[in-house]
$ cat upload10.txt   # compact mmCIF, C-alpha atoms
# COMPACT_ATOMS: atom_id res chain seq x y z
CA PRO A 1 -22.44 -71.49 -71.22
CA ALA A 2 -25.38 -72.93 -69.30
CA GLY A 3 -28.46 -73.80 -71.28
CA ASN A 4 -29.88 -76.52 -73.47
CA ASN A 5 -27.43 -76.37 -76.39
CA ARG A 6 -26.85 -80.05 -77.17
CA PHE A 7 -23.33 -79.62 -78.52
CA LEU A 8 -22.17 -77.64 -75.49
CA GLY A 9 -23.83 -80.16 -73.17
CA LEU A 10 -21.99 -83.01 -74.87
CA LEU A 11 -18.69 -81.11 -74.74
CA GLY A 12 -19.15 -80.49 -71.00
CA ARG A 13 -19.91 -84.17 -70.35
CA LEU A 14 -16.86 -85.26 -72.37
CA ILE A 15 -14.57 -82.92 -70.43
CA ALA A 16 -16.04 -83.97 -67.08
CA GLY A 17 -15.69 -87.63 -68.05
CA SER A 18 -12.05 -87.30 -69.13
CA GLN A 19 -10.54 -87.41 -65.66
CA ASP A 20 -8.88 -90.84 -66.08
CA GLN A 21 -7.21 -89.84 -69.35
CA LEU A 22 -6.09 -86.49 -67.96
CA ALA A 23 -4.69 -88.03 -64.76
CA SER A 24 -1.94 -89.71 -66.79
CA PHE A 25 -0.79 -86.18 -67.74
CA ASN A 26 -1.02 -84.99 -64.12
CA MET A 27 -4.03 -82.87 -65.04
CA ARG A 28 -7.54 -82.41 -63.75
CA ALA A 29 -10.39 -80.64 -65.46
CA ARG A 30 -13.66 -79.31 -64.16
CA VAL A 31 -16.60 -77.84 -65.97
CA GLU A 32 -18.25 -74.66 -64.76
CA HIS A 33 -21.54 -73.54 -66.29
CA ILE A 34 -22.56 -69.90 -66.20
CA GLU A 35 -25.54 -68.09 -67.64
CA SER A 36 -25.05 -67.40 -71.35
CA PHE A 37 -24.71 -64.04 -73.06
CA LYS A 38 -23.64 -62.11 -69.93
CA PRO A 39 -20.15 -60.67 -70.53
CA GLU A 40 -19.82 -59.09 -67.07
CA LEU A 41 -20.66 -62.43 -65.44
CA LEU A 42 -18.19 -64.27 -67.69
CA ALA A 43 -15.42 -61.77 -66.88
CA HIS A 44 -16.15 -62.08 -63.15
CA GLU A 45 -16.05 -65.88 -63.31
CA LEU A 46 -12.81 -65.89 -65.33
CA ARG A 47 -11.15 -63.76 -62.66
CA ARG A 48 -12.59 -65.85 -59.81
CA ILE A 49 -11.74 -69.22 -61.30
CA GLY A 50 -8.36 -67.91 -62.46
CA ARG A 51 -7.29 -67.68 -58.80
CA GLU A 52 -7.92 -71.43 -58.36
CA VAL A 53 -6.51 -73.04 -61.52
CA ASP A 54 -3.40 -73.25 -63.69
CA GLY A 55 -5.28 -72.55 -66.93
CA ILE A 56 -8.76 -71.90 -68.34
CA ALA A 57 -10.50 -72.96 -71.54
CA PHE A 58 -13.77 -71.14 -72.23
CA MET A 59 -16.21 -70.01 -74.90
CA ALA A 60 -15.54 -66.30 -75.29
CA LEU A 61 -17.97 -63.44 -75.59
CA GLU A 62 -16.66 -60.52 -77.65
CA HIS A 63 -16.76 -57.73 -75.06
CA PRO A 64 -14.27 -55.31 -73.44
CA THR A 65 -14.78 -56.69 -69.91
CA VAL A 66 -14.01 -60.21 -71.11
CA ARG A 67 -10.89 -58.98 -72.94
CA GLU A 68 -9.73 -57.26 -69.76
CA ALA A 69 -10.27 -60.44 -67.72
CA VAL A 70 -8.31 -62.54 -70.23
CA ASP A 71 -5.44 -60.05 -70.19
CA ALA A 72 -5.48 -59.96 -66.37
CA LEU A 73 -5.21 -63.77 -66.31
CA ALA A 74 -2.25 -63.64 -68.70
CA GLU A 75 -0.52 -61.02 -66.55
CA ARG A 76 -0.82 -63.41 -63.58
CA GLY A 77 0.58 -66.30 -65.65
CA VAL A 78 -2.73 -68.14 -66.08
CA PRO A 79 -3.08 -69.07 -69.75
CA SER A 80 -6.52 -69.06 -71.33
CA VAL A 81 -7.68 -70.92 -74.41
CA THR A 82 -10.84 -69.93 -76.23
CA LEU A 83 -13.05 -72.77 -77.45
CA ILE A 84 -15.52 -72.57 -80.34
CA SER A 85 -15.71 -68.76 -80.25
CA ASP A 86 -12.57 -66.63 -80.11
CA ILE A 87 -11.96 -63.11 -78.81
CA ALA A 88 -9.92 -60.43 -80.56
CA ASN A 89 -6.95 -58.46 -79.26
CA THR A 90 -6.20 -60.36 -76.09
CA ALA A 91 -3.29 -62.23 -74.57
CA ARG A 92 -5.15 -65.54 -74.75
CA ALA A 93 -2.82 -68.48 -75.38
CA ALA A 94 -4.73 -70.15 -78.22
CA TYR A 95 -8.04 -70.66 -80.00
CA VAL A 96 -9.47 -74.14 -80.60
CA GLY A 97 -12.34 -74.21 -83.07
CA LEU A 98 -13.54 -73.83 -86.61
CA ASP A 99 -12.86 -71.16 -89.16
CA ASN A 100 -16.34 -69.78 -88.57
CA ARG A 101 -16.34 -67.45 -91.55
CA ALA A 102 -15.69 -70.48 -93.78
CA ALA A 103 -18.46 -72.38 -91.97
CA GLY A 104 -20.92 -69.57 -92.79
CA ARG A 105 -19.80 -69.55 -96.43
CA THR A 106 -20.20 -73.34 -96.59
CA ALA A 107 -23.73 -73.15 -95.20
CA GLY A 108 -24.58 -70.45 -97.74
CA GLN A 109 -23.08 -72.47 -100.58
CA LEU A 110 -25.13 -75.54 -99.64
CA ILE A 111 -28.35 -73.53 -99.42
CA ALA A 112 -27.62 -71.85 -102.77
CA ARG A 113 -27.02 -75.23 -104.41
CA PHE A 114 -30.34 -76.56 -103.09
CA ILE A 115 -32.19 -73.47 -104.33
CA GLY A 116 -30.62 -73.48 -107.78
CA PRO A 117 -30.45 -70.61 -110.28
CA ARG A 118 -33.52 -68.56 -109.36
CA ARG A 119 -34.56 -65.53 -107.31
CA ALA A 120 -35.18 -66.51 -103.71
CA LYS A 121 -35.13 -65.41 -100.08
CA VAL A 122 -33.24 -67.06 -97.25
CA ALA A 123 -32.94 -66.17 -93.56
CA MET A 124 -30.49 -66.72 -90.74
CA ILE A 125 -31.02 -67.25 -87.02
CA ALA A 126 -27.79 -66.88 -85.03
CA GLY A 127 -27.32 -68.04 -81.48
CA SER A 128 -26.01 -64.63 -80.45
CA LEU A 129 -23.88 -62.10 -82.24
CA SER A 130 -22.15 -61.55 -78.89
CA TYR A 131 -20.18 -64.66 -79.82
CA ARG A 132 -17.56 -63.90 -82.40
CA ALA A 133 -18.11 -67.37 -83.90
CA HIS A 134 -21.73 -66.53 -84.71
CA GLU A 135 -20.81 -63.09 -86.03
CA GLU A 136 -18.13 -64.62 -88.29
CA ARG A 137 -20.57 -67.26 -89.59
CA GLU A 138 -23.04 -64.49 -90.37
CA MET A 139 -20.35 -62.54 -92.25
CA GLY A 140 -19.37 -65.57 -94.29
CA PHE A 141 -23.01 -66.38 -95.06
CA LEU A 142 -23.88 -62.82 -96.12
CA HIS A 143 -20.73 -62.26 -98.16
CA LEU A 144 -21.20 -65.48 -100.10
CA PHE A 145 -24.63 -64.37 -101.33
CA GLU A 146 -23.41 -60.84 -102.10
CA GLU A 147 -20.45 -62.23 -104.08
CA LEU A 148 -21.84 -65.23 -105.90
CA TYR A 149 -25.63 -65.32 -105.64
CA PRO A 150 -27.06 -61.79 -105.92
CA ASP A 151 -30.49 -63.20 -106.84
CA ILE A 152 -30.77 -64.73 -103.37
CA GLU A 153 -31.80 -62.15 -100.79
CA VAL A 154 -30.99 -62.66 -97.10
CA VAL A 155 -33.87 -61.40 -94.96
CA GLY A 156 -34.68 -61.36 -91.25
CA LEU A 157 -31.38 -61.80 -89.43
CA ARG A 158 -32.31 -62.80 -85.90
CA GLU A 159 -30.79 -64.11 -82.67
CA GLY A 160 -32.22 -67.20 -80.97
CA HIS A 161 -29.86 -67.42 -77.96
CA ASP A 162 -29.63 -71.22 -78.38
CA ASP A 163 -33.20 -71.55 -77.11
CA GLU A 164 -35.28 -74.08 -79.06
CA ALA A 165 -38.61 -72.46 -78.18
CA LYS A 166 -37.36 -69.00 -79.16
CA ASN A 167 -35.91 -70.38 -82.42
CA TYR A 168 -39.27 -72.01 -83.15
CA ARG A 169 -41.09 -68.69 -82.61
CA GLN A 170 -38.48 -66.87 -84.73
CA THR A 171 -38.97 -69.41 -87.53
CA LYS A 172 -42.76 -69.05 -87.42
CA THR A 173 -42.40 -65.26 -87.55
CA LEU A 174 -40.00 -65.46 -90.49
CA LEU A 175 -42.33 -67.79 -92.39
CA GLY A 176 -45.28 -65.49 -91.64
CA GLN A 177 -43.38 -62.46 -92.94
CA HIS A 178 -41.86 -64.30 -95.91
CA PRO A 179 -44.07 -67.24 -96.95
CA ASP A 180 -41.85 -67.67 -100.03
CA LEU A 181 -38.74 -68.27 -97.87
CA ALA A 182 -36.53 -70.86 -99.60
CA GLY A 183 -34.16 -71.63 -96.71
CA ILE A 184 -33.10 -70.87 -93.14
CA TYR A 185 -29.58 -71.15 -91.72
$ encode --input "upload10.txt" --output "structure tokens"
Amino acid sequence: PAGNNRFLGLLGRLIAGSQDQLASFNMRARVEHIESFKPELLAHELRRIGREVDGIAFMALEHPTVREAVDALAERGVPSVTLISDIANTARAAYVGLDNRAAGRTAGQLIARFIGPRRAKVAMIAGSLSYRAHEEREMGFLHLFEELYPDIEVVGLREGHDDEAKNYRQTKTLLGQHPDLAGIY
């Protein structure tokens, strides 16, 4: 995805800079950036790029048009690998990334340990719940508090779309609505 997400920017630079290492495997890689959070655009680009390459690795959006594009690639013999965020019920070849539900539970566990045994409120700002990775982290985060820390209330679930200015505004709003907020994930 295009944008100012530092991790994704670093990943793109690493892939683009790997040409010498990949050449020894008779491979080339290129990085294509497209506007984030637009499933129709992602599906279109997967189909377009799929006509030019032997395989695609991409960060998936959970959406029917993206699933259809992935399945169309597989039917044509072009394998796809999802990175960071997976997609359900497709013929993609593999997923490379974290167990995002466990990552959400880990974040919740750390916050709960910092808060200690008391009533408190915490909040979460996801990049976008269009990404399965973010949705799974949210599920892990919420379920941990429901299971183990019922005195900690999760308030104000929001999406920041990986935009620092928007996340800043979201944080200010959350703190204005809940001045007793004990943590934000």
$ atom_distance --input "upload10.txt" --atom1 "CA of Ala43 in chain A" --atom2 "CA of Phe141 in chain A"
29.5 Å
$ residues_around --input "upload10.txt" --residues "Ala72 in chain A" --least-positions-apart "6" --cutoff "12 Å" --atoms "only C-alpha atoms" --output "list of chain:residue names"
A:Ala43, A:His44, A:Leu46, A:Arg47, A:Arg48, A:Gly50, A:Arg51, A:Thr65, A:Val66, A:Val78, A:Pro79, A:Ser80, A:Thr90, A:Ala91, A:Arg92
$ closest_atom_pairs --input "upload10.txt" --of "range 82-115 of chain A" --to "range 150-153 of chain A" --cutoff "10 Å" --atoms "only C-alpha atoms" --output "CSV"
residue,atom,partner,partner_atom,distance
A:Ile111,CA,A:Ile152,CA,9.9
A:Ala112,CA,A:Ile152,CA,7.8
A:Ile115,CA,A:Ile152,CA,8.9
$ residues_near_point --input "upload10.txt" --point "(-20.8, -62.7, -78.3)" --cutoff "10 Å" --atoms "all atoms listed in the file" --output "list of chain:residue names"
A:Ser36, A:Phe37, A:Lys38, A:Pro39, A:Met59, A:Ala60, A:Leu61, A:Glu62, A:His63, A:Ser85, A:Asp86, A:Ile87, A:Gly127, A:Ser128, A:Leu129, A:Ser130, A:Tyr131, A:Arg132, A:Ala133, A:His134, A:Glu135
$ closest_residue --input "upload10.txt" --among "A:Gly77, A:Tyr149, A:Ala93, A:Ile84" --to "Arg118 in chain A" --atoms "all atoms listed in the file"
A:Tyr149
$ axis_aligned_box --input "upload10.txt" --around "range 8-27 of chain A" --padding-each-side "3 Å" --output "JSON"
{"center_x": -12.3, "center_y": -84.2, "center_z": -69.8, "size_x": 29.0, "size_y": 19.2, "size_z": 17.4}
$ closest_atom_pairs --input "upload10.txt" --of "range 59-136 of chain A" --to "range 178-183 of chain A" --cutoff "12 Å" --atoms "only C-alpha atoms" --output "JSON lines"
{"residue": "A:Ala107", "atom": "CA", "partner": "A:Gly183", "partner_atom": "CA", "distance": 10.6}
{"residue": "A:Gly108", "atom": "CA", "partner": "A:Gly183", "partner_atom": "CA", "distance": 9.7}
{"residue": "A:Gln109", "atom": "CA", "partner": "A:Gly183", "partner_atom": "CA", "distance": 11.8}
{"residue": "A:Leu110", "atom": "CA", "partner": "A:Gly183", "partner_atom": "CA", "distance": 10.3}
{"residue": "A:Ile111", "atom": "CA", "partner": "A:Gly183", "partner_atom": "CA", "distance": 6.7}
{"residue": "A:Ala112", "atom": "CA", "partner": "A:Gly183", "partner_atom": "CA", "distance": 8.9}
{"residue": "A:Arg113", "atom": "CA", "partner": "A:Gly183", "partner_atom": "CA", "distance": 11.1}
{"residue": "A:Phe114", "atom": "CA", "partner": "A:Gly183", "partner_atom": "CA", "distance": 8.9}
{"residue": "A:Ile115", "atom": "CA", "partner": "A:Ala182", "partner_atom": "CA", "distance": 6.9}
{"residue": "A:Gly116", "atom": "CA", "partner": "A:Ala182", "partner_atom": "CA", "distance": 10.4}
{"residue": "A:Arg118", "atom": "CA", "partner": "A:Ala182", "partner_atom": "CA", "distance": 10.5}
{"residue": "A:Arg119", "atom": "CA", "partner": "A:Ala182", "partner_atom": "CA", "distance": 9.6}
{"residue": "A:Ala120", "atom": "CA", "partner": "A:Ala182", "partner_atom": "CA", "distance": 6.1}
{"residue": "A:Lys121", "atom": "CA", "partner": "A:Leu181", "partner_atom": "CA", "distance": 5.1}
{"residue": "A:Val122", "atom": "CA", "partner": "A:Gly183", "partner_atom": "CA", "distance": 4.7}
{"residue": "A:Ala123", "atom": "CA", "partner": "A:Gly183", "partner_atom": "CA", "distance": 6.4}
{"residue": "A:Met124", "atom": "CA", "partner": "A:Gly183", "partner_atom": "CA", "distance": 8.6}
{"residue": "A:Ile125", "atom": "CA", "partner": "A:Gly183", "partner_atom": "CA", "distance": 11.1}
$ atom_distance --input "upload10.txt" --atom1 "CA of Gly3 in chain A" --atom2 "CA of Glu159 in chain A"
15.1 Å
$ atom_distance --input "upload10.txt" --atom1 "CA of His143 in chain A" --atom2 "CA of Ala102 in chain A"
10.6 Å
$ residues_around --input "upload10.txt" --residues "range 7-18 of chain A" --least-positions-apart "3" --cutoff "8 Å" --atoms "all atoms listed in the file" --output "ChimeraX atom specification"
/A:1,4,21-22,29-31
$ residues_around --input "upload10.txt" --residues "Gly160 in chain A" --least-positions-apart "3" --cutoff "9 Å" --atoms "only C-alpha atoms" --output "MDAnalysis selection string"
chainID A and resid 125:128 163:168 170
$ closest_residue --input "upload10.txt" --among "A:Leu73, A:Phe58, A:Ala94, A:Met139" --to "Ile34 in chain A" --atoms "all atoms listed in the file"
A:Phe58
$ closest_residue --input "upload10.txt" --among "A:Ile49, A:Tyr95, A:Val155, A:Leu175" --to "Glu32 in chain A" --atoms "all atoms listed in the file"
A:Ile49
